[in-house]
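Structure file input.pdb with PDB, C-alpha atoms, pLDDT in the B column:
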MODEL        1
ATOM      1  CA  TYR A   1      99.338  86.714  82.817  1.00 48.00           C
ATOM      2  CA  PRO A   2     100.597  84.254  80.190  1.00 57.00           C
ATOM      3  CA  ASP A   3      97.456  84.639  78.031  1.00 60.00           C
ATOM      4  CA  VAL A   4      98.096  88.363  77.666  1.00 60.00           C
ATOM      5  CA  ILE A   5     101.673  87.775  76.563  1.00 65.00           C
ATOM      6  CA  ARG A   6     100.687  84.970  74.220  1.00 69.00           C
ATOM      7  CA  ASN A   7      98.106  87.161  72.429  1.00 68.00           C
ATOM      8  CA  ASN A   8     100.254  90.282  72.003  1.00 72.00           C
ATOM      9  CA  ARG A   9     102.830  91.219  69.430  1.00 75.00           C
ATOM     10  CA  GLU A  10     103.880  94.562  70.868  1.00 77.00           C
ATOM     11  CA  PHE A  11     105.984  94.791  74.039  1.00 77.00           C
ATOM     12  CA  PHE A  12     107.912  97.531  75.801  1.00 78.00           C
ATOM     13  CA  PHE A  13     110.927  97.565  78.065  1.00 79.00           C
ATOM     14  CA  ARG A  14     112.062 100.478  80.222  1.00 78.00           C
ATOM     15  CA  GLN A  15     115.129 100.917  82.375  1.00 82.00           C
ATOM     16  CA  HIS A  16     115.272 103.722  84.937  1.00 78.00           C
ATOM     17  CA  GLY A  17     118.239 103.642  87.275  1.00 81.00           C
ATOM     18  CA  GLY A  18     118.319 100.155  88.777  1.00 81.00           C
ATOM     19  CA  SER A  19     114.664  99.440  87.929  1.00 78.00           C
ATOM     20  CA  PHE A  20     113.346  97.571  84.905  1.00 77.00           C
ATOM     21  CA  THR A  21     109.750  97.580  83.651  1.00 75.00           C
ATOM     22  CA  CYS A  22     108.386  95.202  81.037  1.00 73.00           C
ATOM     23  CA  GLY A  23     104.897  95.441  79.567  1.00 72.00           C
ATOM     24  CA  VAL A  24     102.503  94.708  76.760  1.00 68.00           C
ATOM     25  CA  LYS A  25     100.133  96.928  74.822  1.00 65.00           C
ATOM     26  CA  ILE A  26      96.515  96.676  75.990  1.00 57.00           C
ATOM     27  CA  ASP A  27      93.261  97.398  74.184  1.00 57.00           C
ATOM     28  CA  ASP A  28      92.351 101.062  73.793  1.00 54.00           C
ATOM     29  CA  ASP A  29      88.737 100.323  74.718  1.00 51.00           C
ATOM     30  CA  MET A  30      89.592  99.449  78.309  1.00 48.00           C
ATOM     31  CA  GLU A  31      86.729 100.586  80.528  1.00 49.00           C
ATOM     32  CA  VAL A  32      87.550 102.656  83.587  1.00 48.00           C
ATOM     33  CA  CYS A  33      84.916 103.081  86.250  1.00 51.00           C
ATOM     34  CA  ARG A  34      84.925 106.830  86.838  1.00 57.00           C
ATOM     35  CA  ASP A  35      83.298 106.387  90.224  1.00 64.00           C
ATOM     36  CA  LEU A  36      86.277 106.635  92.496  1.00 79.00           C
ATOM     37  CA  GLN A  37      85.241 105.922  96.026  1.00 82.00           C
ATOM     38  CA  ILE A  38      86.497 105.955  99.582  1.00 84.00           C
ATOM     39  CA  LEU A  39      86.374 102.669 101.483  1.00 84.00           C
ATOM     40  CA  CYS A  40      86.888 102.643 105.243  1.00 84.00           C
ATOM     41  CA  TYR A  41      88.227  99.657 107.107  1.00 82.00           C
ATOM     42  CA  GLU A  42      88.863  99.373 110.839  1.00 78.00           C
ATOM     43  CA  ASN A  43      92.200 101.195 110.933  1.00 81.00           C
ATOM     44  CA  GLN A  44      92.611 102.678 107.448  1.00 86.00           C
ATOM     45  CA  SER A  45      90.700 104.412 104.672  1.00 88.00           C
ATOM     46  CA  PHE A  46      91.440 104.001 100.968  1.00 90.00           C
ATOM     47  CA  ALA A  47      90.595 105.791  97.742  1.00 89.00           C
ATOM     48  CA  VAL A  48      89.661 103.013  95.310  1.00 90.00           C
ATOM     49  CA  LEU A  49      89.601 102.983  91.513  1.00 89.00           C
ATOM     50  CA  SER A  50      88.072  99.940  89.795  1.00 85.00           C
ATOM     51  CA  VAL A  51      89.247  98.995  86.307  1.00 80.00           C
ATOM     52  CA  ASN A  52      88.008  96.237  83.989  1.00 74.00           C
ATOM     53  CA  GLY A  53      91.008  94.415  82.541  1.00 68.00           C
ATOM     54  CA  ILE A  54      94.696  95.074  82.872  1.00 66.00           C
ATOM     55  CA  SER A  55      95.390  98.770  83.186  1.00 64.00           C
ATOM     56  CA  ASP A  56      98.301 101.119  82.791  1.00 75.00           C
ATOM     57  CA  TYR A  57      99.280 101.241  86.459  1.00 81.00           C
ATOM     58  CA  GLU A  58     100.924 104.668  86.245  1.00 84.00           C
ATOM     59  CA  TYR A  59      97.869 106.159  84.506  1.00 83.00           C
ATOM     60  CA  ALA A  60      95.538 104.684  87.147  1.00 84.00           C
ATOM     61  CA  CYS A  61      97.761 106.136  89.900  1.00 87.00           C
ATOM     62  CA  MET A  62      97.606 109.538  88.198  1.00 87.00           C
ATOM     63  CA  LEU A  63      93.769 109.371  88.078  1.00 85.00           C
ATOM     64  CA  VAL A  64      93.563 108.576  91.787  1.00 88.00           C
ATOM     65  CA  THR A  65      96.189 111.168  92.748  1.00 88.00           C
ATOM     66  CA  ASN A  66      94.436 113.923  90.775  1.00 86.00           C
ATOM     67  CA  TRP A  67      91.053 112.958  92.238  1.00 84.00           C
ATOM     68  CA  LEU A  68      92.485 113.149  95.757  1.00 86.00           C
ATOM     69  CA  LYS A  69      93.950 116.612  95.078  1.00 85.00           C
ATOM     70  CA  GLU A  70      90.685 117.869  93.580  1.00 81.00           C
ATOM     71  CA  ASN A  71      88.799 116.671  96.647  1.00 78.00           C
ATOM     72  CA  ARG A  72      91.426 117.897  99.133  1.00 82.00           C
ATOM     73  CA  ILE A  73      92.134 114.438 100.466  1.00 85.00           C
ATOM     74  CA  GLU A  74      95.677 113.718 101.579  1.00 89.00           C
ATOM     75  CA  PRO A  75      97.344 110.396 100.622  1.00 92.00           C
ATOM     76  CA  ASP A  76      98.729 108.324 103.495  1.00 92.00           C
ATOM     77  CA  GLY A  77     101.048 106.041 101.547  1.00 91.00           C
ATOM     78  CA  GLU A  78     101.723 104.662  98.090  1.00 92.00           C
ATOM     79  CA  PRO A  79      98.970 103.236  95.857  1.00 92.00           C
ATOM     80  CA  PHE A  80      98.880  99.493  95.184  1.00 92.00           C
ATOM     81  CA  ALA A  81      96.867  97.301  92.831  1.00 89.00           C
ATOM     82  CA  VAL A  82      94.898  94.134  93.567  1.00 89.00           C
ATOM     83  CA  TYR A  83      93.951  91.886  90.639  1.00 85.00           C
ATOM     84  CA  ASP A  84      90.888  89.630  90.722  1.00 84.00           C
ATOM     85  CA  THR A  85      90.998  86.653  88.364  1.00 83.00           C
ATOM     86  CA  THR A  86      87.935  84.815  89.706  1.00 83.00           C
ATOM     87  CA  LYS A  87      85.872  85.635  86.591  1.00 80.00           C
ATOM     88  CA  SER A  88      88.630  85.559  83.986  1.00 75.00           C
ATOM     89  CA  TYR A  89      92.299  84.691  84.190  1.00 76.00           C
ATOM     90  CA  SER A  90      93.091  86.299  80.836  1.00 73.00           C
ATOM     91  CA  ASN A  91      91.192  89.530  81.632  1.00 73.00           C
ATOM     92  CA  PRO A  92      91.533  90.206  85.372  1.00 77.00           C
ATOM     93  CA  PHE A  93      89.655  92.966  87.181  1.00 81.00           C
ATOM     94  CA  MET A  94      91.924  95.510  88.867  1.00 85.00           C
ATOM     95  CA  LYS A  95      91.318  97.688  91.901  1.00 87.00           C
ATOM     96  CA  LEU A  96      93.850 100.383  92.708  1.00 89.00           C
ATOM     97  CA  TYR A  97      93.945 101.299  96.401  1.00 92.00           C
ATOM     98  CA  CYS A  98      95.573 104.441  97.796  1.00 93.00           C
ATOM     99  CA  PRO A  99      95.671 104.872 101.586  1.00 93.00           C
ATOM    100  CA  VAL A 100      94.267 108.263 102.649  1.00 91.00           C
ATOM    101  CA  LYS A 101      94.455 110.338 105.842  1.00 86.00           C
ATOM    102  CA  ASN A 102      91.655 111.484 108.099  1.00 66.00           C
ATOM    103  CA  VAL A 103      88.655 110.502 106.005  1.00 63.00           C
ATOM    104  CA  ARG A 104      85.341 109.918 107.733  1.00 55.00           C
ATOM    105  CA  ILE A 105      82.250 108.655 105.970  1.00 50.00           C
ATOM    106  CA  ARG A 106      78.927 109.831 107.385  1.00 44.00           C
TER
ENDMDL
END

Before we go any further, please render this structure as structure tokens.
Amino acid sequence: YPDVIRNNREFFFRQHGGSFTCGVKIDDDMEVCRDLQILCYENQSFAVLSVNGISDYEYACMLVTNWLKENRIEPDGEPFAVYDTTKSYSNPFMKLYCPVKNVRIR
């Protein structure tokens, strides 16, 4: 996201073992849709969190993980994010998906 980098003056860098993370500070007024939902596809179900703008990935994962625990739903893999830039390249829409086990929607 070159526009995000171009418009920021504050960056962070983190090294943990052999992994490196680089990032930029985002606006504090980022809107998070509190309506976490379960989406079922043919062979897999997912807990989904929708976020307007670029989010703190670790914070979004924590929200989904806590919601799953509170609702006694067991994860079935690691969360992953999908970014949609069809409306805005500089402010993409993010959906965080976490595979879940044995969820049936009635």

Point (93.9, 111.2, 99.0) neighbourhood (8 Å, all atoms listed in the file) written as a PyMOL selection string: chain A and resi 46-47+64-65+67-69+71-76+98-101

Computed interatomic separation between atom CA of A:His16 and atom CA of A:Glu58 (Å):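 Result for atom CA of A:His16 versus atom CA of A:Glu58: 14.4 Å, one decimal.
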
Nearest to A:Asn91 by atom-to-atom distance, counting all atoms listed in the file, from A:Asn52, A:Gly77, A:Leu36, A:Glu10: A:Asn52

Nearest to A:Ala81, chosen from A:Phe11, A:Tyr97, A:Tyr59, A:Tyr41, with all atoms listed in the file counted in the distances: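 Counting all atoms listed in the file, the residue closest to A:Ala81 is A:Tyr97.
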
Residue nearest A:Tyr57 among A:Gln15, A:Asn8, A:Glu42, A:Thr21 (counting all atoms listed in the file):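 Answer, going by the shortest atom-to-atom distance: A:Thr21.
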
From A:Val51, A:Ile38, A:Phe80, A:Met62, residue lying nearest A:Met94 [only C-alpha atoms]: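 Of A:Val51, A:Ile38, A:Phe80, A:Met62, the one nearest A:Met94, counting only C-alpha atoms, is A:Val51.
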
Length of the atom CA of A:Gly23 to atom CA of A:Gln37 vector [Å]: 27.7 Å

Length of the atom CA of A:Thr86 to atom CA of A:Leu49 vector [Å]: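 Separation of atom CA of A:Thr86 and atom CA of A:Leu49: 18.3 Å.
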
Padding 5 Å on each side, edges along x, y and z: where is the centre of the box around the listed atoms of stretch 60-78 of chain A, and how long are its edges in Å to one decimal? Output it as AutoDock Vina command-line options.
--center_x 95.3 --center_y 111.3 --center_z 95.3 --size_x 22.9 --size_y 23.2 --size_z 26.3

Polymer residues at most 7 Å from stretch 83-85 of chain A, all atoms listed in the file, same-chain spacing of 4 or more positions, as number ranges by chain: A: 89, 92-95
